[in-house]
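Containing TSV, C-alpha atoms: upload12.tsv.
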chain	number	residue	atom	x	y	z
C	1	MET	CA	24.41	7.84	2.42
C	2	THR	CA	22.67	10.66	0.55
C	3	GLU	CA	25.96	12.44	-0.06
C	4	ARG	CA	27.61	9.24	-1.26
C	5	TRP	CA	24.76	8.61	-3.67
C	6	ALA	CA	24.84	12.19	-4.95
C	7	GLU	CA	28.56	11.91	-5.55
C	8	LEU	CA	28.18	8.69	-7.53
C	9	TYR	CA	25.32	10.18	-9.48
C	10	ASP	CA	27.30	13.27	-10.41
C	11	ARG	CA	30.17	11.12	-11.59
C	12	ALA	CA	27.94	9.00	-13.82
C	13	PHE	CA	25.73	11.85	-15.00
C	14	PRO	CA	27.62	13.01	-18.15
C	15	GLN	CA	27.86	9.62	-19.77
C	16	VAL	CA	24.38	8.46	-18.86
C	17	TYR	CA	22.83	11.76	-19.87
C	18	ARG	CA	24.44	11.63	-23.30
C	19	ALA	CA	23.40	8.02	-23.74
C	20	LEU	CA	19.84	8.93	-22.85
C	21	VAL	CA	19.81	11.88	-25.25
C	22	ALA	CA	21.06	9.61	-28.01
C	23	ALA	CA	18.46	6.97	-27.16
C	24	THR	CA	15.48	9.26	-26.76
C	25	LEU	CA	16.53	12.15	-29.03
C	26	ASP	CA	15.08	14.41	-26.35
C	27	ARG	CA	17.15	16.40	-23.86
C	28	GLU	CA	14.26	17.17	-21.53
C	29	ARG	CA	13.08	13.58	-21.35
C	30	ALA	CA	16.65	12.48	-20.73
C	31	LEU	CA	17.02	15.02	-17.92
C	32	ASP	CA	13.62	14.18	-16.44
C	33	GLY	CA	14.48	10.52	-16.51
C	34	LEU	CA	17.77	11.13	-14.75
C	35	HIS	CA	16.13	13.29	-12.13
C	36	ASP	CA	13.62	10.56	-11.44
C	37	ALA	CA	16.43	8.01	-11.29
C	38	PHE	CA	18.30	10.23	-8.83
C	39	GLU	CA	15.27	10.30	-6.55
C	40	GLU	CA	14.77	6.59	-6.98
C	41	GLY	CA	18.40	6.14	-5.92
C	42	LEU	CA	17.77	8.24	-2.82
C	43	ARG	CA	14.85	6.03	-1.86
C	44	ASN	CA	16.24	2.67	-2.98
C	45	PRO	CA	19.90	2.93	-3.80
C	46	PRO	CA	21.33	0.26	-6.13
C	47	ALA	CA	22.53	-2.82	-4.30
C	48	ASP	CA	26.18	-2.18	-5.14
C	49	GLY	CA	28.22	0.52	-6.78
C	50	ARG	CA	29.20	-1.67	-9.70
C	51	ASN	CA	27.75	-0.82	-13.08
C	52	LEU	CA	26.13	2.29	-11.68
C	53	GLU	CA	25.86	3.72	-15.20
C	54	GLY	CA	23.89	0.64	-16.23
C	55	TRP	CA	21.54	1.04	-13.26
C	56	LEU	CA	21.03	4.73	-13.85
C	57	TYR	CA	20.51	4.19	-17.57
C	58	ARG	CA	17.93	1.47	-17.02
C	59	VAL	CA	15.98	3.38	-14.37
C	60	ALA	CA	16.14	6.66	-16.26
C	61	LEU	CA	15.10	4.98	-19.49
C	62	ARG	CA	12.09	3.47	-17.75
C	63	LYS	CA	11.23	6.86	-16.32
C	64	THR	CA	11.60	8.55	-19.71
C	65	ARG	CA	9.04	6.15	-21.10
C	66	ARG	CA	6.70	7.12	-18.30
C	67	SER	CA	7.37	10.77	-18.92
C	68	LEU	CA	6.70	10.16	-22.63
C	69	PHE	CA	3.33	8.61	-21.83
C	70	ARG	CA	2.63	11.48	-19.45
C	71	MET	CA	3.56	13.96	-22.15
C	72	LEU	CA	1.41	12.15	-24.70
C	73	ARG	CA	-1.54	12.28	-22.34
C	74	GLU	CA	-1.07	15.97	-21.77
C	75	ARG	CA	-0.40	16.96	-25.36
C	76	PRO	CA	0.03	15.22	-28.69
C	77	MET	CA	3.49	14.00	-29.58
C	78	PRO	CA	5.30	16.89	-31.22
C	79	GLU	CA	6.81	16.29	-34.62
C	80	ILE	CA	10.57	16.41	-34.47
C	81	SER	CA	11.52	19.06	-36.97
C	82	SER	CA	14.84	19.25	-38.67
C	83	GLU	CA	15.37	22.46	-36.71
C	84	ASP	CA	15.17	20.60	-33.44
C	85	PRO	CA	18.47	21.38	-31.70
C	86	ILE	CA	19.22	17.83	-30.63
C	87	LEU	CA	18.37	16.47	-34.06
C	88	ALA	CA	20.47	19.15	-35.66
C	89	LEU	CA	23.33	18.17	-33.39
C	90	LEU	CA	22.98	14.49	-34.17
C	91	GLN	CA	22.77	15.23	-37.86
C	92	ARG	CA	26.20	16.80	-37.58
C	93	LEU	CA	27.53	13.62	-36.01
C	94	GLU	CA	28.15	10.57	-38.04
C	95	VAL	CA	26.70	8.27	-35.39
C	96	GLY	CA	23.87	10.66	-34.74
C	97	ARG	CA	22.75	10.57	-38.36
C	98	LEU	CA	22.61	6.78	-38.19
C	99	LEU	CA	20.90	6.64	-34.79
C	100	VAL	CA	18.02	8.68	-36.11
C	101	LEU	CA	17.24	5.82	-38.49
C	102	LEU	CA	16.61	3.43	-35.61
C	103	THR	CA	13.65	2.87	-33.35
C	104	GLU	CA	13.95	4.09	-29.78
C	105	ARG	CA	14.28	0.53	-28.54
C	106	GLN	CA	17.08	-0.17	-31.00
C	107	ARG	CA	18.81	3.06	-30.06
C	108	SER	CA	18.54	2.25	-26.36
C	109	ILE	CA	20.28	-1.07	-26.82
C	110	VAL	CA	22.89	0.07	-29.33
C	111	VAL	CA	23.85	3.08	-27.22
C	112	ALA	CA	24.06	0.94	-24.08
C	113	HIS	CA	26.35	-1.45	-25.88
C	114	TYR	CA	28.61	0.82	-27.89
C	115	TYR	CA	28.59	3.96	-25.78
C	116	LEU	CA	28.10	2.82	-22.19
C	117	GLY	CA	30.11	-0.31	-22.89
C	118	LEU	CA	27.59	-2.68	-21.33
C	119	THR	CA	27.81	-6.29	-22.34
C	120	GLN	CA	24.82	-7.96	-23.91
C	121	GLU	CA	24.21	-9.81	-20.65
C	122	GLU	CA	24.26	-6.56	-18.71
C	123	ILE	CA	21.89	-4.92	-21.17
C	124	ALA	CA	19.55	-7.90	-21.03
C	125	GLU	CA	19.55	-7.72	-17.24
C	126	ALA	CA	19.23	-3.95	-17.12
C	127	LEU	CA	16.39	-3.74	-19.63
C	128	GLY	CA	14.70	-6.94	-18.51
C	129	VAL	CA	14.92	-8.70	-21.85
C	130	ARG	CA	16.60	-11.90	-22.99
C	131	ARG	CA	20.18	-11.85	-24.13
C	132	GLY	CA	19.07	-13.22	-27.49
C	133	THR	CA	16.74	-10.27	-27.91
C	134	VAL	CA	19.62	-7.89	-27.24
C	135	SER	CA	21.82	-9.69	-29.73
C	136	ALA	CA	19.12	-9.73	-32.41
C	137	THR	CA	18.28	-6.07	-31.82
C	138	VAL	CA	21.92	-5.04	-32.11
C	139	SER	CA	22.23	-7.00	-35.38
C	140	GLN	CA	19.08	-5.44	-36.82
C	141	ALA	CA	20.18	-1.98	-35.75
C	142	LEU	CA	23.61	-2.37	-37.29
C	143	ALA	CA	22.10	-3.66	-40.51
C	144	ARG	CA	19.85	-0.67	-40.66
C	145	MET	CA	22.68	1.71	-39.90
C	146	ARG	CA	24.79	0.09	-42.58
C	147	GLU	CA	21.93	0.38	-45.03
C	148	GLY	CA	21.36	4.02	-44.07
C	149	GLY	CA	25.06	4.77	-44.28
C	150	ALA	CA	25.29	3.24	-47.73
C	151	LYS	CA	22.35	5.28	-48.96
C	152	ARG	CA	23.91	8.45	-47.68
C	153	VAL	CA	27.10	7.62	-49.44
G	1	MET	CA	35.38	-7.51	-28.64
G	2	SER	CA	35.78	-7.65	-32.41
G	3	ASP	CA	37.56	-4.97	-34.39
G	4	ARG	CA	34.24	-3.94	-35.82
G	5	ASP	CA	32.82	-3.48	-32.34
G	6	LYS	CA	35.91	-1.56	-31.25
G	7	GLY	CA	35.53	0.76	-34.22
G	8	LEU	CA	31.87	1.34	-33.49
G	9	THR	CA	32.57	1.97	-29.82
G	10	HIS	CA	35.21	4.51	-30.75
G	11	LEU	CA	32.80	6.19	-33.14
G	12	PHE	CA	29.99	6.30	-30.57
G	13	VAL	CA	32.22	7.67	-27.84
G	14	ARG	CA	33.79	10.27	-30.14
G	15	ASP	CA	30.47	11.52	-31.43
G	16	LEU	CA	28.23	11.23	-28.42
G	17	ASP	CA	30.76	12.88	-26.16
G	18	ASP	CA	30.07	16.00	-28.22
G	19	ILE	CA	26.55	16.18	-26.84
G	20	GLU	CA	26.48	19.23	-24.67
G	21	LEU	CA	25.70	18.71	-21.01
G	22	PRO	CA	23.10	20.81	-19.21
G	23	PRO	CA	24.34	23.39	-16.70
G	24	ARG	CA	25.64	21.78	-13.56
G	25	ASP	CA	22.82	23.16	-11.43
G	26	ARG	CA	20.34	21.18	-13.51
G	27	TRP	CA	21.97	17.82	-13.03
G	28	ARG	CA	20.07	17.05	-9.90
G	29	PRO	CA	16.33	17.55	-9.59
G	30	ALA	CA	15.17	20.76	-8.01
G	31	PRO	CA	13.02	20.30	-4.95
G	32	ARG	CA	9.67	19.45	-6.42
G	33	LYS	CA	7.11	22.18	-6.31
G	34	GLU	CA	3.89	21.21	-4.71
G	35	SER	CA	1.06	21.15	-7.19
G	36	GLN	CA	-2.11	23.06	-6.49
G	37	LEU	CA	-3.96	19.80	-6.07
G	38	MET	CA	-1.45	18.51	-3.56
G	39	LYS	CA	-1.53	21.80	-1.72
G	40	THR	CA	-5.32	21.74	-1.58
G	41	SER	CA	-5.25	18.10	-0.45
G	42	ARG	CA	-2.82	19.03	2.29
G	43	TYR	CA	-5.06	21.84	3.50
G	44	VAL	CA	-8.10	19.55	3.38
G	45	LEU	CA	-6.18	16.98	5.40
G	46	TYR	CA	-5.18	19.56	8.01
G	47	ALA	CA	-8.74	20.89	8.20
G	48	SER	CA	-10.11	17.35	8.56
G	49	ALA	CA	-7.67	16.60	11.34
G	50	ILE	CA	-8.60	19.80	13.19
G	51	ALA	CA	-12.31	19.10	12.67
G	52	ALA	CA	-11.86	15.56	13.96
G	53	VAL	CA	-10.10	16.84	17.07
G	54	LEU	CA	-12.85	19.40	17.66
G	55	VAL	CA	-15.58	16.78	17.21
G	56	ILE	CA	-13.83	14.44	19.63
G	57	ALA	CA	-13.42	17.27	22.13
G	58	LEU	CA	-17.08	18.19	21.70
G	59	ILE	CA	-18.21	14.61	22.21
G	60	ALA	CA	-15.95	14.28	25.24
G	61	SER	CA	-17.34	17.48	26.74
G	62	PHE	CA	-20.90	16.28	26.20
G	63	GLN	CA	-20.10	12.96	27.81
G	64	LEU	CA	-18.45	14.73	30.70
G	65	ARG	CA	-21.47	16.96	31.12
G	66	ASP	CA	-23.81	13.98	30.96
G	67	SER	CA	-21.79	12.07	33.51
G	68	ASN	CA	-21.83	15.09	35.79
G	69	ALA	CA	-25.58	15.32	35.39
G	70	VAL	CA	-26.09	11.64	36.12
G	71	GLY	CA	-23.58	11.81	38.91
G	72	ALA	CA	-25.60	14.58	40.42
G	73	SER	CA	-28.70	12.56	40.08
G	74	GLY	CA	-28.10	10.09	42.84
G	75	SER	CA	-28.61	11.48	46.27
G	76	PRO	CA	-25.43	11.02	48.22
G	77	SER	CA	-27.25	11.08	51.51
G	78	ALA	CA	-30.76	10.32	50.48
G	79	SER	CA	-32.61	8.11	52.86
G	80	ALA	CA	-36.03	6.83	53.61
G	81	THR	CA	-36.98	6.95	57.23
G	82	THR	CA	-38.15	3.37	57.28
G	83	SER	CA	-35.05	1.72	55.95
G	84	PRO	CA	-32.41	3.86	54.36
G	85	VAL	CA	-31.15	2.54	51.09
G	86	SER	CA	-27.84	3.96	50.09
G	87	THR	CA	-27.40	5.19	46.57
G	88	THR	CA	-24.03	5.70	45.03
G	89	ALA	CA	-23.44	9.04	43.51
G	90	THR	CA	-20.89	11.66	42.76
G	91	PRO	CA	-21.49	14.82	44.74
G	92	PRO	CA	-23.25	17.39	42.58
G	93	PRO	CA	-21.24	20.35	41.32
G	94	VAL	CA	-22.72	22.63	43.95
G	95	ALA	CA	-21.17	23.62	47.27
G	96	THR	CA	-22.47	21.36	50.03
G	97	ASP	CA	-23.89	24.24	52.04
G	98	GLN	CA	-25.85	25.27	48.98
G	99	LEU	CA	-27.71	21.96	48.77
G	100	GLY	CA	-31.22	21.46	49.96
G	101	ALA	CA	-33.52	18.56	50.71
G	102	ILE	CA	-37.04	17.37	49.92
G	103	THR	CA	-39.10	15.56	52.53
G	104	GLY	CA	-42.60	14.19	52.58
G	105	ARG	CA	-44.89	11.40	53.60
G	106	PHE	CA	-46.63	8.65	51.76
G	107	ALA	CA	-50.29	7.87	51.53
G	108	TYR	CA	-51.54	5.06	49.46
G	109	GLY	CA	-55.13	4.33	50.36
G	110	SER	CA	-54.35	0.94	51.81
G	111	ASP	CA	-52.68	-0.59	54.86
G	112	PHE	CA	-49.39	-0.72	53.12
G	113	ILE	CA	-47.14	1.42	50.92
G	114	PRO	CA	-45.55	-0.29	47.92
G	115	PRO	CA	-41.79	-0.23	47.42
G	116	VAL	CA	-40.83	2.74	45.30
G	117	ARG	CA	-37.94	4.84	44.17
G	118	ILE	CA	-38.73	8.48	44.70
G	119	TYR	CA	-37.25	10.86	42.21
G	120	ALA	CA	-36.81	14.59	42.22
G	121	ILE	CA	-36.47	15.35	38.51
G	122	SER	CA	-35.46	18.83	37.43
G	123	THR	CA	-38.23	20.59	35.55
G	124	THR	CA	-35.69	22.30	33.31
G	125	ASP	CA	-33.31	19.43	32.55
G	126	GLN	CA	-34.66	15.92	32.95
G	127	ARG	CA	-31.13	14.55	32.98
G	128	VAL	CA	-30.72	16.09	36.42
G	129	TRP	CA	-32.41	14.04	39.06
G	130	TYR	CA	-32.04	12.76	42.58
G	131	SER	CA	-33.57	9.68	44.08
G	132	VAL	CA	-34.01	7.60	47.15
G	133	ASP	CA	-35.36	4.10	47.58
G	134	PHE	CA	-38.25	3.36	49.85
G	135	PRO	CA	-38.53	-0.37	50.58
G	136	GLY	CA	-42.26	-0.40	51.19
G	137	PHE	CA	-44.18	-0.60	54.40
G	138	GLY	CA	-47.07	-2.45	55.92
G	139	ASN	CA	-48.40	-5.95	55.43
G	140	PRO	CA	-45.74	-8.60	55.84
G	141	PRO	CA	-43.37	-9.29	54.23
G	142	ARG	CA	-43.01	-5.51	53.90
G	143	PRO	CA	-40.89	-3.73	56.51
G	144	THR	CA	-42.48	-2.19	59.55
G	145	LEU	CA	-41.91	1.36	60.68
G	146	PRO	CA	-39.13	2.01	63.17
G	147	PRO	CA	-40.17	2.65	66.77
G	148	GLY	CA	-41.47	6.17	67.28
G	149	VAL	CA	-42.30	6.73	63.61
G	150	SER	CA	-45.98	6.92	62.96
G	151	GLN	CA	-46.05	7.63	59.27
G	152	PRO	CA	-43.87	6.38	56.42
G	153	SER	CA	-41.90	9.18	54.91
G	154	TYR	CA	-38.93	9.88	52.72
G	155	ARG	CA	-36.16	12.41	52.51
G	156	ILE	CA	-34.03	13.27	49.50
G	157	THR	CA	-30.95	15.18	50.49
G	158	GLY	CA	-28.12	16.85	48.62
G	159	VAL	CA	-30.46	18.41	46.10
G	160	ALA	CA	-29.18	21.37	44.14
G	161	PRO	CA	-31.40	24.47	44.25
G	162	GLY	CA	-34.01	24.47	41.52
G	163	THR	CA	-37.47	23.24	40.68
G	164	TYR	CA	-38.32	19.55	40.51
G	165	TRP	CA	-41.13	17.12	39.87
G	166	VAL	CA	-41.38	14.59	42.70
G	167	ILE	CA	-42.48	11.22	41.43
G	168	ALA	CA	-42.40	7.79	43.08
G	169	TYR	CA	-42.08	4.95	40.58
G	170	ARG	CA	-42.94	1.53	41.94
G	171	THR	CA	-40.15	-0.97	42.03
G	172	ASP	CA	-42.43	-4.00	42.28
G	173	GLY	CA	-43.79	-3.45	38.78
G	174	LEU	CA	-47.40	-3.28	39.91
G	175	LEU	CA	-50.10	-0.69	39.43
G	176	PRO	CA	-51.18	1.94	40.17
G	177	ASP	CA	-48.01	3.67	39.21
G	178	PRO	CA	-46.51	6.22	39.67
G	179	GLY	CA	-47.26	8.14	42.82
G	180	TYR	CA	-46.43	11.81	42.75
G	181	TYR	CA	-46.65	15.15	44.46
G	182	SER	CA	-49.72	16.87	43.11
G	183	ARG	CA	-52.03	19.80	43.64
G	184	GLN	CA	-54.14	17.33	45.60
G	185	ALA	CA	-51.33	16.95	48.15
G	186	GLU	CA	-50.94	20.71	48.31
G	187	CYS	CA	-54.65	21.09	48.87
G	188	SER	CA	-54.81	18.35	51.50
G	189	ARG	CA	-52.30	20.21	53.60
G	190	THR	CA	-54.43	23.28	53.83
G	191	THR	CA	-57.80	21.61	53.53
G	192	PRO	CA	-57.53	18.24	55.27
G	193	ARG	CA	-61.16	17.44	54.75
G	194	GLY	CA	-61.13	18.37	51.14
G	195	PRO	CA	-62.42	18.21	48.57
G	196	CYS	CA	-59.16	18.17	46.62
G	197	PRO	CA	-60.00	16.77	43.21
G	198	ASP	CA	-57.15	18.38	41.19
G	199	VAL	CA	-54.37	15.85	40.61
G	200	ALA	CA	-52.11	17.95	38.41
G	201	LEU	CA	-48.36	17.69	38.95
G	202	VAL	CA	-46.92	20.50	41.00
G	203	PRO	CA	-43.31	21.60	40.79
G	204	VAL	CA	-41.30	21.69	43.98
G	205	THR	CA	-38.83	24.46	44.60
G	206	VAL	CA	-35.66	23.64	46.49
G	207	ILE	CA	-33.85	26.53	48.13
G	208	ALA	CA	-30.18	26.42	48.95
G	209	GLY	CA	-29.47	24.99	52.40
G	210	GLN	CA	-33.13	24.47	53.25
G	211	ASP	CA	-35.51	21.53	53.60
G	212	THR	CA	-38.54	21.64	51.41
G	213	SER	CA	-41.02	19.68	53.47
G	214	GLY	CA	-44.58	18.54	53.04
G	215	ILE	CA	-43.98	17.12	49.61
G	216	ASP	CA	-46.32	14.24	50.24
G	217	VAL	CA	-46.78	11.50	47.72
G	218	LEU	CA	-50.43	10.67	47.93
G	219	THR	CA	-51.69	10.73	44.38
G	220	TRP	CA	-51.28	7.48	42.48
G	221	GLY	CA	-51.85	6.29	38.96
G	222	PRO	CA	-54.35	7.67	36.47
G	223	PRO	CA	-56.59	10.60	37.45
G	224	PRO	CA	-60.25	10.20	38.24
G	225	PRO	CA	-62.69	10.31	35.30
G	226	GLY	CA	-63.02	13.75	33.78
G	227	GLN	CA	-59.45	14.80	34.47
G	228	SER	CA	-56.63	14.61	32.04
G	229	SER	CA	-53.59	12.64	33.11
G	230	PRO	CA	-50.54	14.73	33.91
G	231	THR	CA	-47.53	14.31	31.69
G	232	PHE	CA	-44.83	12.61	33.72
G	233	PRO	CA	-41.18	13.00	32.89
G	234	PRO	CA	-39.76	9.63	31.85
G	235	ARG	CA	-38.36	7.42	34.55
G	236	PRO	CA	-34.65	8.26	34.75
G	237	ALA	CA	-32.29	5.61	33.53
G	238	PRO	CA	-30.04	4.24	36.24
G	239	ALA	CA	-26.61	5.83	36.37
G	240	GLY	CA	-23.88	3.89	34.62
G	241	PRO	CA	-21.04	2.18	36.45
Before anything else, please render the file you have as structure tokens.
Amino acid sequence: MTERWAELYDRAFPQVYRALVAATLDRERALDGLHDAFEEGLRNPPADGRNLEGWLYRVALRKTRRSLFRMLRERPMPEISSEDPILALLQRLEVGRLLVLLTERQRSIVVAHYYLGLTQEEIAEALGVRRGTVSATVSQALARMREGGAKRV
Amino acid sequence: MSDRDKGLTHLFVRDLDDIELPPRDRWRPAPRKESQLMKTSRYVLYASAIAAVLVIALIASFQLRDSNAVGASGSPSASATTSPVSTTATPPPVATDQLGAITGRFAYGSDFIPPVRIYAISTTDQRVWYSVDFPGFGNPPRPTLPPGVSQPSYRITGVAPGTYWVIAYRTDGLLPDPGYYSRQAECSRTTPRGPCPDVALVPVTVIAGQDTSGIDVLTWGPPPPGQSSPTFPPRPAPAGP
């Protein structure tokens, strides 16, 4: 069982990791979240293998929020400087530049939809929100990205 | 999926796939290191468990010792010459041939002797005691002496070597109480006509394999005026089931 889970995890890791980095703008939080999700999967594996990426993303995202709170308790939130490697990377990417304009919640949903390919229903279920909320958030995020893109142009 | 969505998906996949992955050995979590607090807690837990085991063992050993002491307290073969009353007991932790006995007579100053339980209580450890029941003698309804016995007496057998106080506590709840082996009894043996005014308690020494006789119980209750009352060891509690 453990081996099977580890195999599934390894297969899903690249995509979910990148989605988490894009959503959180933080490699370490993304990695921490995935590690926690891995251990969660060892203890309580997902009910079925379908949409494993969605499960991992949801659990890891929840864990990254916890790790953010933990980090905030331990030390003040560091300012993200323009020299931050992940920000620098995203700035080089067209999508990355636009993602930075969004809130973390908006990024989480947009990335889940456009990168992980989850439907709005799946996102709503995974993140524990209503489908309407997902739809509205996606619309707001796109509007903001459009606005940001226009300004850049 | 609309064309716009397809375009965005393509853009997301193209760009985000450029995000570099961490080295493969970091994909899975490393075995978590135990924090100092957790380590300390673990040690405290271990120490508590060991301490608990030691305390339980200590308590058990005390209980075992106490039960041995109480077990030794009943005389396995104690008997009163008038009417032997058996007492249940565990043999004391001394070889049988090393055990001694205490014998003596009663005198009460009346035409009867009240029912008593005679104890030999160790002078060094009051938890060690031996006893025998004497059912009383004299006026009916008290028992009469067996044929050929002129004087009521008692005998406590199976007594481990040592020194003891010999005290007879009444079992009818009346006074005077208790009767005991005193300097007066010692004196009466050598000086039958007296005077023997000293009523202090006298220890009795039991020697291995021997009878210690002449331990007569003839002093009862409070001393005469002018003498301080001896301090009696407390009446032993009956042995548990």
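Checking G:Ile59, G:Leu16, G:Ala208, G:Ile121 one by one against chain C, counting only C-alpha atoms, you find the shortest gap at G:Leu16.
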| task | Specify as a PyMOL selection string all residues of chain C found within 7 Å of chain G, counting all atoms listed in the file. | result | chain C and resi 14+18+35+93+95+114-115
Would you compute the box with edges along x, y and z of the file around stretch 24-40 of chain C, including every atom the file lists for it and 6 Å extra on each side, and give its centre and edge lengths in Å to one decimal, as JSON?
{"center_x": 15.7, "center_y": 11.9, "center_z": -17.8, "size_x": 17.2, "size_y": 22.6, "size_z": 34.5}
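Interatomic distance, atom CA of G:Gly136 to atom CA of G:Arg117: 9.8 Å.
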| query | Hey, can you pull every residue with an atom no more than 10 Å from (16.7, 6.6, -36.8), using all atoms listed in the file, and send it as a ChimeraX atom specification? | reply | /C:23,25,96-104,106-107,141,144-145,148
Take the selection from the previous step and output its residues with C-alpha atoms, as a CSV table (one decimal), in the coordinates of the input.
chain,number,residue,atom,x,y,z
C,23,ALA,CA,18.5,7.0,-27.2
C,25,LEU,CA,16.5,12.2,-29.0
C,96,GLY,CA,23.9,10.7,-34.7
C,97,ARG,CA,22.8,10.6,-38.4
C,98,LEU,CA,22.6,6.8,-38.2
C,99,LEU,CA,20.9,6.6,-34.8
C,100,VAL,CA,18.0,8.7,-36.1
C,101,LEU,CA,17.2,5.8,-38.5
C,102,LEU,CA,16.6,3.4,-35.6
C,103,THR,CA,13.6,2.9,-33.4
C,104,GLU,CA,14.0,4.1,-29.8
C,106,GLN,CA,17.1,-0.2,-31.0
C,107,ARG,CA,18.8,3.1,-30.1
C,141,ALA,CA,20.2,-2.0,-35.8
C,144,ARG,CA,19.8,-0.7,-40.7
C,145,MET,CA,22.7,1.7,-39.9
C,148,GLY,CA,21.4,4.0,-44.1
| task | With a distance cut-off of 9 Å and all atoms listed in the file, select the neighbouring residues of stretch 168-177 of chain G, excluding the residue or stretch itself and same-chain residues fewer than 3 positions from it, and output the selection as a PyMOL selection string. | result | chain G and resi 114-120+133+135+180-181+217+220-222+235
| request: Quote the spacing between atom CA of G:Thr212 and atom CA of G:Asn139 in Å to one decimal place. | output: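 Separating atom CA of G:Thr212 from atom CA of G:Asn139 is a distance of 29.6 Å.
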| field | Contacts of stretch 187-196 of chain G within 12 Å, all atoms listed in the file, excl. fewer than 6 positions in-chain, as number ranges by chain | value | G: 104-105, 107, 181, 202, 213-219, 224
Atoms kept (C-alpha atoms) for stretch 2-31 of chain G, as a JSON list (two decimals), in the first residue's frame:
[["chain", "number", "residue", "atom", "x", "y", "z"],
["G", 2, "SER", "CA", -14.21, 27.64, -24.82],
["G", 3, "ASP", "CA", -11.42, 28.75, -27.12],
["G", 4, "ARG", "CA", -10.48, 31.35, -24.59],
["G", 5, "ASP", "CA", -10.16, 28.72, -21.90],
["G", 6, "LYS", "CA", -8.16, 26.48, -24.22],
["G", 7, "GLY", "CA", -5.78, 29.34, -24.94],
["G", 8, "LEU", "CA", -5.35, 30.12, -21.26],
["G", 9, "THR", "CA", -4.79, 26.47, -20.43],
["G", 10, "HIS", "CA", -2.13, 26.26, -23.11],
["G", 11, "LEU", "CA", -0.49, 29.39, -21.77],
["G", 12, "PHE", "CA", -0.54, 28.13, -18.17],
["G", 13, "VAL", "CA", 0.85, 24.74, -19.08],
["G", 14, "ARG", "CA", 3.56, 26.22, -21.31],
["G", 15, "ASP", "CA", 4.71, 28.71, -18.72],
["G", 16, "LEU", "CA", 4.26, 26.82, -15.48],
["G", 17, "ASP", "CA", 5.96, 23.73, -16.85],
["G", 18, "ASP", "CA", 9.10, 25.87, -16.89],
["G", 19, "ILE", "CA", 9.11, 25.99, -13.11],
["G", 20, "GLU", "CA", 12.10, 24.00, -12.06],
["G", 21, "LEU", "CA", 11.46, 20.95, -9.92],
["G", 22, "PRO", "CA", 13.42, 20.31, -6.73],
["G", 23, "PRO", "CA", 15.99, 17.49, -6.77],
["G", 24, "ARG", "CA", 14.35, 14.11, -6.80],
["G", 25, "ASP", "CA", 15.57, 13.25, -3.31],
["G", 26, "ARG", "CA", 13.55, 16.15, -1.93],
["G", 27, "TRP", "CA", 10.25, 15.09, -3.40],
["G", 28, "ARG", "CA", 9.33, 12.97, -0.45],
["G", 29, "PRO", "CA", 9.68, 14.15, 3.13],
["G", 30, "ALA", "CA", 12.80, 13.14, 4.95],
["G", 31, "PRO", "CA", 12.19, 11.17, 8.12]]
